[in-house]
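Engineer: Below you will find the structure I want to go over with you.
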Amino acid sequence: MLNRREGLFWVALGIVISFFSYRTGIGTFTEPGAGFVALASGLFLVVVGAVMGISRGKASPQRAGERGGTGGAPETFRRRFFRLAYLLSLLVFYGLVLEPVGYITATFLFMFGLFFDLEKRRFAAPLFASLASVGVTYTVFEIWLKTQLPRGVFPWW
């Protein structure tokens, strides 16, 4: 039941993204406009949400003894809702601070937030993965492809 609700949410979000990207202007396939990638992303969300809503996945067995809880449905719903709200807040944060803070700092903080496990609270692995992600993407886009990324607080970078 929860997968269908999540699927409906992603379908709705994909439709909203597709609508606004179409209004921005998608251009053509050979000369894409500003909303081309956003439209493709929105349509992808619609498809993924539809698959989630239609599929009848097996109910995963709850690991009640693993975290000391009962593993009931309300706890699972709260956990999933918290993860969804956490992810959306990270995305909004990234969108707001990318330009003023710069690509390197904003992407590092965003990736650290994605990789960090709130239950285990270990810092080494997410720190390394975030540094590696920023290093690889900076190398690919800034150095190899010569794409200008937001400088932010590091204008010399």
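Ordered as shown in the structure tokens, chains take letters A, B, and onward, while each chain numbers its residues from 1 and ligands are numbered from 1 in the order shown.
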Extract, using only C-alpha atoms, all DNA, RNA and protein residues at most 12 Å from Val16 in chain A, discarding same-chain residues fewer than 3 positions from it, and format them as an MDAnalysis selection string.

Structural biologist: chainID A and resid 9:13 19:23 38:39 41:43 45:46

Engineer: I'd like the neighbourhood of Gly35 in chain A as number ranges by chain, where a residue qualifies if any of its atoms comes within 6 Å (using only C-alpha atoms), though same-chain residues fewer than 6 positions away should be ignored.

Structural biologist: A: 21, 24-26

Engineer: Figure out the distance between CA of Gly14 in chain A and CA of Gln148 in chain A, please, to one decimal in Å.

Structural biologist: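 Answer for the CA of Gln148 in chain A to CA of Gly14 in chain A separation: 28.1 Å.
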
Engineer: Using only C-alpha atoms, determine which residues lie at most 9 Å from Phe110 in chain A, disregarding the query and same-chain residues fewer than 5 positions distant; provide the list as number ranges by chain.

Structural biologist: A: 90-91, 93-94, 105, 115, 130

Engineer: Could you pull out the residues in range 91-154 of chain A that DSSP calls helix (DSSP H, G or I) from the backbone, as an NGL selection string?

Structural biologist: :A and (91-101 or 103-115 or 124-144)

Engineer: For those residues, write N, CA and C atoms to a file as a compact mmCIF listing (two decimals), in the first residue's frame.

Structural biologist:
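Below is the file part-v8.txt, written as the result:
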```txt
# COMPACT_ATOMS: atom_id res chain seq x y z
N LEU A 91 17.99 18.26 -1.27
CA LEU A 91 17.93 18.77 -2.64
C LEU A 91 17.63 20.26 -2.67
N VAL A 92 16.71 20.71 -1.83
CA VAL A 92 16.40 22.14 -1.77
C VAL A 92 17.62 22.91 -1.27
N PHE A 93 18.27 22.39 -0.23
CA PHE A 93 19.49 23.02 0.29
C PHE A 93 20.55 23.14 -0.80
N TYR A 94 20.75 22.08 -1.55
CA TYR A 94 21.75 22.08 -2.62
C TYR A 94 21.41 23.12 -3.67
N GLY A 95 20.14 23.19 -4.05
CA GLY A 95 19.73 24.16 -5.05
C GLY A 95 19.91 25.60 -4.58
N LEU A 96 19.69 25.83 -3.29
CA LEU A 96 19.81 27.19 -2.76
C LEU A 96 21.24 27.65 -2.56
N VAL A 97 22.14 26.75 -2.18
CA VAL A 97 23.50 27.17 -1.84
C VAL A 97 24.51 26.91 -2.94
N LEU A 98 24.10 26.30 -4.05
CA LEU A 98 25.07 25.97 -5.10
C LEU A 98 25.75 27.21 -5.65
N GLU A 99 24.99 28.22 -5.99
CA GLU A 99 25.58 29.43 -6.58
C GLU A 99 26.37 30.26 -5.57
N PRO A 100 25.81 30.58 -4.40
CA PRO A 100 26.58 31.43 -3.48
C PRO A 100 27.78 30.75 -2.84
N VAL A 101 27.69 29.48 -2.55
CA VAL A 101 28.78 28.78 -1.85
C VAL A 101 29.76 28.16 -2.83
N TYR A 103 30.36 25.16 -6.28
CA TYR A 103 30.15 23.76 -6.59
C TYR A 103 30.85 22.83 -5.61
N ILE A 104 32.08 23.10 -5.32
CA ILE A 104 32.87 22.17 -4.50
C ILE A 104 32.28 22.04 -3.10
N THR A 105 32.02 23.14 -2.44
CA THR A 105 31.49 23.10 -1.08
C THR A 105 30.07 22.55 -1.05
N ALA A 106 29.20 23.04 -1.93
CA ALA A 106 27.80 22.61 -1.93
C ALA A 106 27.68 21.13 -2.27
N THR A 107 28.44 20.67 -3.26
CA THR A 107 28.37 19.27 -3.66
C THR A 107 28.95 18.37 -2.57
N PHE A 108 30.02 18.81 -1.93
CA PHE A 108 30.57 18.02 -0.84
C PHE A 108 29.55 17.85 0.29
N LEU A 109 28.92 18.95 0.69
CA LEU A 109 27.93 18.87 1.76
C LEU A 109 26.72 18.03 1.35
N PHE A 110 26.28 18.18 0.11
CA PHE A 110 25.14 17.41 -0.38
C PHE A 110 25.47 15.92 -0.41
N MET A 111 26.62 15.57 -0.96
CA MET A 111 26.99 14.15 -1.05
C MET A 111 27.23 13.57 0.34
N PHE A 112 27.80 14.35 1.24
CA PHE A 112 27.99 13.87 2.61
C PHE A 112 26.64 13.58 3.25
N GLY A 113 25.67 14.46 3.01
CA GLY A 113 24.32 14.23 3.54
C GLY A 113 23.67 13.00 2.95
N LEU A 114 23.95 12.71 1.69
CA LEU A 114 23.40 11.51 1.07
C LEU A 114 24.07 10.23 1.58
N PHE A 115 25.38 10.29 1.74
CA PHE A 115 26.11 9.08 2.15
C PHE A 115 26.06 8.81 3.65
N ALA A 124 33.84 8.37 8.56
CA ALA A 124 34.96 8.13 7.65
C ALA A 124 34.50 7.78 6.24
N ALA A 125 33.64 6.80 6.10
CA ALA A 125 33.21 6.36 4.77
C ALA A 125 32.45 7.45 4.02
N PRO A 126 31.47 8.14 4.64
CA PRO A 126 30.80 9.21 3.90
C PRO A 126 31.73 10.37 3.54
N LEU A 127 32.69 10.65 4.40
CA LEU A 127 33.65 11.71 4.12
C LEU A 127 34.49 11.36 2.90
N PHE A 128 35.01 10.14 2.87
CA PHE A 128 35.81 9.69 1.72
C PHE A 128 34.97 9.65 0.45
N ALA A 129 33.75 9.11 0.52
CA ALA A 129 32.89 9.01 -0.66
C ALA A 129 32.52 10.40 -1.19
N SER A 130 32.29 11.34 -0.29
CA SER A 130 31.96 12.71 -0.71
C SER A 130 33.14 13.38 -1.39
N LEU A 131 34.32 13.23 -0.80
CA LEU A 131 35.53 13.80 -1.42
C LEU A 131 35.78 13.18 -2.79
N ALA A 132 35.62 11.87 -2.88
CA ALA A 132 35.83 11.18 -4.15
C ALA A 132 34.82 11.65 -5.19
N SER A 133 33.55 11.80 -4.80
CA SER A 133 32.51 12.26 -5.73
C SER A 133 32.81 13.65 -6.25
N VAL A 134 33.18 14.55 -5.36
CA VAL A 134 33.50 15.92 -5.77
C VAL A 134 34.74 15.92 -6.66
N GLY A 135 35.74 15.17 -6.28
CA GLY A 135 36.97 15.11 -7.08
C GLY A 135 36.73 14.58 -8.48
N VAL A 136 35.98 13.51 -8.59
CA VAL A 136 35.73 12.91 -9.90
C VAL A 136 34.86 13.83 -10.76
N THR A 137 33.76 14.34 -10.19
CA THR A 137 32.89 15.20 -11.00
C THR A 137 33.56 16.51 -11.37
N TYR A 138 34.36 17.06 -10.47
CA TYR A 138 35.09 18.29 -10.80
C TYR A 138 36.09 18.03 -11.93
N THR A 139 36.79 16.92 -11.85
CA THR A 139 37.76 16.57 -12.89
C THR A 139 37.08 16.39 -14.24
N VAL A 140 35.96 15.67 -14.25
CA VAL A 140 35.27 15.41 -15.52
C VAL A 140 34.71 16.70 -16.11
N PHE A 141 33.98 17.47 -15.32
CA PHE A 141 33.28 18.62 -15.88
C PHE A 141 34.16 19.86 -16.03
N GLU A 142 34.98 20.16 -15.06
CA GLU A 142 35.77 21.40 -15.11
C GLU A 142 37.04 21.24 -15.94
N ILE A 143 37.73 20.12 -15.76
CA ILE A 143 39.03 19.97 -16.42
C ILE A 143 38.88 19.34 -17.80
N TRP A 144 38.20 18.20 -17.89
CA TRP A 144 38.11 17.51 -19.18
C TRP A 144 37.13 18.18 -20.13
```

Engineer: Using only C-alpha atoms, find the one residue out of A:Asn3, A:Ser89, A:Thr147, A:Ser55 that sits nearest to Phe77 in chain A.

Structural biologist: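 Result for the nearest residue to Phe77 in chain A: A:Asn3.
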
Engineer: Between CA of Arg80 in chain A and CA of Met52 in chain A, measure the distance and give it in Å to one decimal.

Structural biologist: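 Computed distance, CA of Arg80 in chain A to CA of Met52 in chain A, equals 14.6 Å.
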
Engineer: Find the distance between CA of Arg5 in chain A and CA of Phe81 in chain A and write it in Å to one decimal.

Structural biologist: 11.1 Å
